[in-house]
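Participant: Before I ask anything, here is the structure I am working with.
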Amino acid sequence: MAALRDTDFGALQILLKAPSKDAVRQLCQECFSSPPAALGPLAQRACPGLAVSAQEAEQLVCALHNLTRHVVYRGLTRAEDILCLFPENFHQNLKNLLTKIILENVSAWRNEAQASQISLPRLVDMDWRVDIKTSSDSIARMAVPTCLLQLKIQEDAALCGNNPVVSALTVELSKETLDTMLEGLGRIRDQLSAVANK
Amino acid sequence: MGLLNFTRDPVPEAVSGDMHNLNQLSAQQFSALTEVLFRFLTEPKEVERFLTQLSDFATMNKISLGPLKNIVKSILLVPNGALKRNLSPEQVRADFIALGLSEEKASYFAEQWKVNSPTLTRLAVGQTLMINQLIDMEWKFGVTAGSSELEKVGSIFLQLKLVIKKGSQLENVYVELTLPQFYSFLHEMERVKTSLESFS
């Protein structure tokens, strides 16, 4: 996450050339969601709408990205906190507009950041079924219940970009294994309650 | 020889000769040999121990080990087939008699078969094919304090490591769950347990 630079605020004033408030809003959202590597192409798309040079577009897009990400990083939720990020001589109306847009989005952006956090592969879905085994090559007649559990696991979002890889893993559990697993899960639940009640 | 219960295939020639030799053993000798055999059947991994005990039996009873091993091979045909086909003790007894073993010894063996049957059945069931069997589960949970995108987070995460047997190899699978997912997972597993219990 890049830090806010003084030059960023100079670049932000390019927004004064934006055609409408909605255009500014749209650009803010796109700049926040875009990873640093995708800012270049984003700048190129924004260029015509703002009637600025490619270089200025790029500076603007980087500045907006840094500003929005900085606010989310610090967890700022009050207008005063955001307003005092701006330098003294910054355009009043633009400052108020940007603060308003940021406040509208900060909660959704925070969720977005948390969702795309690095993590181990994540569980996205889970299905199960119970079968009864009636026969096998080692014994002709039996009636043994067994559980098949299918876990859908998604690889780390950051590594896959827009195409998250979801793999399905099917696991078989005997009754004994399930009992042991439930014991373990029960212990986790107890410890979680203990932590929650502190 | 009439139709046998424990197998549909023709029995090797040597078997009737082996049964005849078995009949020559005294009741105590037969009982001792049967004990060695069942100890092996209930603990099939203890091959070394089984061979040692056979060798001791041979020495103590002044029998050559080679012929004894052949006899044992013949005897074991019956319990192995009986297990696969869920035979009753009466059927096992009938098969031994059909093969040429004396009634007294056949009845004794069938009695031992009845006693050991639950253990042997459980072993056979345990050998049944399992797909991607879950062997072990390790877990840890903690709190995410911060990240490069969010200075202060404070959310709980749960990480599971599942050890799975794929064929003959073990594979580790790592999964992360959020708290709501964990509770939902726990709830589903409890439903599975209820379902499995109703079928047991």
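So you can find residues: chains in the structure tokens are A, B, ... in the order shown, residues in each start at 1, and ligands are numbered from 1 in order.
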Would you give me, as a PyMOL selection string, the residues of chain B that come within 9 Å of chain A, using only C-alpha atoms?

Facilitator: chain B and resi 83-86+121+124-125+127-141+147-153+159+164+174-178+181-183+185-186+188-190+192-193+195-197+199-200

Participant: Take the residues from that selection and put them in a file with N, CA and C atoms, as a short mmCIF file (atom, residue, chain, number, x, y, z; two decimals), in the first residue's frame.

Facilitator:
```cif
data_model
loop_
_atom_site.label_atom_id
_atom_site.label_comp_id
_atom_site.auth_asym_id
_atom_site.auth_seq_id
_atom_site.Cartn_x
_atom_site.Cartn_y
_atom_site.Cartn_z
N LEU B 83 -14.81 -65.78 5.81
CA LEU B 83 -14.94 -64.37 6.16
C LEU B 83 -15.54 -63.59 4.99
N LYS B 84 -15.02 -63.89 3.79
CA LYS B 84 -15.52 -63.17 2.60
C LYS B 84 -16.98 -63.44 2.37
N ARG B 85 -17.41 -64.66 2.72
CA ARG B 85 -18.79 -65.04 2.40
C ARG B 85 -19.71 -65.04 3.61
N ASN B 86 -19.28 -64.45 4.70
CA ASN B 86 -20.11 -64.38 5.91
C ASN B 86 -20.67 -65.75 6.31
N THR B 121 -14.51 -59.99 11.51
CA THR B 121 -15.42 -59.23 10.65
C THR B 121 -15.04 -57.75 10.66
N ALA B 124 -12.10 -57.16 8.49
CA ALA B 124 -12.42 -57.20 7.06
C ALA B 124 -13.12 -55.92 6.63
N VAL B 125 -14.03 -55.45 7.46
CA VAL B 125 -14.73 -54.19 7.14
C VAL B 125 -13.72 -53.05 7.09
N GLN B 127 -10.77 -53.16 6.18
CA GLN B 127 -9.94 -53.22 4.98
C GLN B 127 -10.69 -52.73 3.75
N THR B 128 -11.96 -52.47 3.89
CA THR B 128 -12.76 -52.07 2.74
C THR B 128 -12.29 -50.74 2.21
N LEU B 129 -12.35 -50.63 0.90
CA LEU B 129 -11.93 -49.44 0.17
C LEU B 129 -12.53 -48.16 0.74
N MET B 130 -11.67 -47.16 0.93
CA MET B 130 -12.19 -45.84 1.30
C MET B 130 -11.57 -44.83 0.35
N ILE B 131 -12.37 -43.88 -0.12
CA ILE B 131 -11.86 -42.89 -1.06
C ILE B 131 -11.40 -41.68 -0.29
N ASN B 132 -10.15 -41.29 -0.47
CA ASN B 132 -9.63 -40.08 0.18
C ASN B 132 -9.98 -40.05 1.66
N GLN B 133 -9.56 -41.08 2.35
CA GLN B 133 -9.94 -41.18 3.76
C GLN B 133 -9.32 -40.05 4.58
N LEU B 134 -10.14 -39.45 5.43
CA LEU B 134 -9.64 -38.41 6.33
C LEU B 134 -8.94 -39.10 7.49
N ILE B 135 -7.64 -38.84 7.64
CA ILE B 135 -6.87 -39.50 8.69
C ILE B 135 -6.80 -38.63 9.92
N ASP B 136 -6.57 -37.34 9.73
CA ASP B 136 -6.34 -36.49 10.87
C ASP B 136 -6.76 -35.06 10.56
N MET B 137 -7.06 -34.32 11.61
CA MET B 137 -7.41 -32.91 11.41
C MET B 137 -6.70 -32.10 12.49
N GLU B 138 -5.93 -31.08 12.06
CA GLU B 138 -5.31 -30.19 13.03
C GLU B 138 -5.91 -28.81 12.82
N TRP B 139 -5.95 -28.01 13.87
CA TRP B 139 -6.55 -26.70 13.70
C TRP B 139 -5.83 -25.66 14.52
N LYS B 140 -6.00 -24.42 14.09
CA LYS B 140 -5.61 -23.31 14.94
C LYS B 140 -6.52 -22.15 14.60
N PHE B 141 -6.79 -21.33 15.59
CA PHE B 141 -7.52 -20.12 15.26
C PHE B 141 -6.85 -18.95 15.94
N SER B 147 -3.27 -5.63 8.42
CA SER B 147 -2.76 -6.10 7.14
C SER B 147 -2.19 -4.92 6.40
N SER B 148 -1.65 -5.16 5.22
CA SER B 148 -1.07 -4.07 4.45
C SER B 148 -2.16 -3.12 3.95
N GLU B 149 -3.40 -3.59 3.93
CA GLU B 149 -4.49 -2.73 3.45
C GLU B 149 -5.32 -2.14 4.57
N LEU B 150 -5.25 -2.78 5.74
CA LEU B 150 -6.07 -2.30 6.86
C LEU B 150 -5.23 -2.29 8.11
N GLU B 151 -5.03 -1.08 8.67
CA GLU B 151 -4.13 -0.98 9.81
C GLU B 151 -4.62 -1.78 11.01
N LYS B 152 -5.91 -1.68 11.30
CA LYS B 152 -6.46 -2.42 12.44
C LYS B 152 -7.59 -3.31 11.95
N VAL B 153 -7.48 -4.60 12.20
CA VAL B 153 -8.52 -5.48 11.70
C VAL B 153 -9.33 -6.09 12.83
N GLN B 159 -8.06 -21.92 10.93
CA GLN B 159 -7.35 -22.67 9.89
C GLN B 159 -7.37 -24.15 10.23
N ILE B 164 -5.13 -36.33 4.44
CA ILE B 164 -5.97 -37.22 3.65
C ILE B 164 -5.12 -38.32 3.02
N TYR B 174 -4.88 -27.51 3.36
CA TYR B 174 -5.05 -26.40 4.29
C TYR B 174 -6.24 -25.55 3.87
N VAL B 175 -7.10 -25.25 4.83
CA VAL B 175 -8.29 -24.46 4.53
C VAL B 175 -8.49 -23.41 5.60
N GLU B 176 -8.97 -22.25 5.17
CA GLU B 176 -9.28 -21.22 6.15
C GLU B 176 -10.78 -20.99 6.17
N LEU B 177 -11.33 -20.81 7.35
CA LEU B 177 -12.76 -20.56 7.47
C LEU B 177 -13.00 -19.29 8.27
N THR B 178 -14.08 -18.58 7.93
CA THR B 178 -14.48 -17.46 8.77
C THR B 178 -15.31 -18.04 9.90
N GLN B 181 -18.70 -19.45 8.88
CA GLN B 181 -18.52 -20.71 8.17
C GLN B 181 -18.24 -21.84 9.14
N PHE B 182 -17.47 -21.54 10.18
CA PHE B 182 -17.15 -22.57 11.16
C PHE B 182 -18.41 -23.07 11.84
N TYR B 183 -19.27 -22.15 12.26
CA TYR B 183 -20.49 -22.58 12.95
C TYR B 183 -21.40 -23.38 12.03
N PHE B 185 -20.34 -25.19 9.48
CA PHE B 185 -19.65 -26.47 9.30
C PHE B 185 -19.94 -27.38 10.49
N LEU B 186 -19.83 -26.86 11.68
CA LEU B 186 -20.08 -27.64 12.89
C LEU B 186 -21.51 -28.15 12.88
N GLU B 188 -23.48 -28.69 10.29
CA GLU B 188 -23.64 -29.73 9.28
C GLU B 188 -23.05 -31.05 9.76
N MET B 189 -21.89 -31.00 10.39
CA MET B 189 -21.25 -32.23 10.87
C MET B 189 -22.09 -32.90 11.94
N GLU B 190 -22.78 -32.11 12.74
CA GLU B 190 -23.66 -32.70 13.75
C GLU B 190 -24.84 -33.39 13.09
N VAL B 192 -24.66 -34.80 10.16
CA VAL B 192 -24.11 -36.04 9.61
C VAL B 192 -24.06 -37.09 10.69
N LYS B 193 -23.63 -36.70 11.88
CA LYS B 193 -23.50 -37.65 12.98
C LYS B 193 -24.86 -38.27 13.30
N SER B 195 -27.33 -38.62 11.30
CA SER B 195 -27.68 -39.50 10.20
C SER B 195 -26.93 -40.83 10.30
N LEU B 196 -25.62 -40.78 10.56
CA LEU B 196 -24.85 -42.01 10.68
C LEU B 196 -25.35 -42.85 11.84
N GLU B 197 -25.70 -42.20 12.92
CA GLU B 197 -26.17 -42.96 14.09
C GLU B 197 -27.49 -43.66 13.82
N PHE B 199 -28.33 -45.02 11.19
CA PHE B 199 -28.14 -46.20 10.35
C PHE B 199 -27.29 -47.27 11.01
N SER B 200 -26.73 -46.97 12.18
CA SER B 200 -25.83 -47.96 12.79
C SER B 200 -26.60 -49.05 13.49
#
```

Participant: Counting only C-alpha atoms, which residue out of B:Arg191, B:Gly167, B:Met19, B:Val173 sits closest to B:Asp95?

Facilitator: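 Among the listed residues, the smallest separation from B:Asp95 belongs to B:Met19.
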
Participant: As a PyMOL selection string, please: every residue in chain B that a backbone DSSP assignment puts in helix (DSSP H, G or I).

Facilitator: chain B and resi 14-23+27-42+47-60+65-84+89-99+103-126+179-199

Participant: Excluding A:Asn96 and residues on its chain fewer than 2 positions from it, collect all residues at most 12 Å away from it, counting only C-alpha atoms, and give them as a list of chain:residue names.

Facilitator: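 Once the adjacent positions are removed, what remains is A:Lys21, A:Ala79, A:Glu80, A:Ile82, A:Leu83, A:Cys84, A:Leu85, A:Phe86, A:Phe90, A:His91, A:Gln92, A:Asn93, A:Leu94, A:Leu98, A:Thr99, A:Lys100, A:Ile101, A:Ile102, A:Leu103.
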
Participant: Residues near stretch 57-64 of chain A, anyone? I mean within 12 Å using only C-alpha atoms, not counting same-chain ones fewer than 3 positions away, as a ChimeraX atom specification.

Facilitator: /A:1-18,24-54,67-71,98-99,101-102

Participant: As an exercise, work out the distance from atom CA of B:Phe109 to atom CA of B:Gly126 in Å and give it to one decimal place.

Facilitator: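 These atoms are spaced 24.1 Å apart.
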
Participant: Using only C-alpha atoms, which protein or nucleic acid residues come within 12 Å of stretch 2-16 of chain B? Drop anything in the same chain fewer than 6 positions from it, and give the result as a short mmCIF file (atom, residue, chain, number, x, y, z; two decimals) with C-alpha atoms, in the first residue's frame.

Facilitator:
```cif
data_model
loop_
_atom_site.label_atom_id
_atom_site.label_comp_id
_atom_site.auth_asym_id
_atom_site.auth_seq_id
_atom_site.Cartn_x
_atom_site.Cartn_y
_atom_site.Cartn_z
CA ALA A 140 -19.69 -60.14 1.09
CA LEU B 22 -3.97 -82.89 10.98
CA ASN B 23 -6.16 -85.74 12.17
CA PRO B 67 5.10 -79.90 6.01
CA ASN B 70 1.77 -76.58 4.03
CA ILE B 71 -0.82 -77.83 6.50
CA VAL B 72 -1.33 -74.33 7.83
CA LYS B 73 -1.74 -72.98 4.30
CA SER B 74 -4.49 -75.53 3.68
CA ILE B 75 -6.27 -74.79 6.93
CA LEU B 76 -6.22 -71.02 6.33
CA LEU B 77 -8.10 -71.43 3.05
CA VAL B 78 -11.28 -72.07 4.99
CA PRO B 79 -11.41 -69.09 7.40
CA ASN B 80 -10.34 -66.69 4.61
CA GLY B 81 -13.15 -67.84 2.34
CA ALA B 82 -15.60 -68.00 5.26
CA LEU B 83 -14.94 -64.37 6.16
CA LYS B 84 -15.52 -63.17 2.60
CA ARG B 85 -18.79 -65.04 2.40
CA ASN B 86 -20.11 -64.38 5.91
CA LEU B 87 -20.31 -68.12 6.69
CA SER B 88 -21.86 -69.40 9.90
CA PRO B 89 -19.91 -71.68 12.30
CA GLU B 90 -22.04 -74.63 11.11
CA GLN B 91 -21.00 -74.00 7.52
CA VAL B 92 -17.33 -73.77 8.52
CA ARG B 93 -17.64 -77.08 10.40
CA ALA B 94 -19.36 -78.74 7.43
CA ASP B 95 -16.60 -77.56 5.06
CA PHE B 96 -13.80 -78.95 7.25
CA ILE B 97 -15.60 -82.29 7.47
CA ALA B 98 -16.07 -82.30 3.69
CA LEU B 99 -12.31 -81.68 3.32
CA GLY B 100 -11.52 -84.73 5.48
CA LEU B 101 -10.98 -83.31 8.97
CA SER B 102 -12.36 -85.36 11.89
#
```
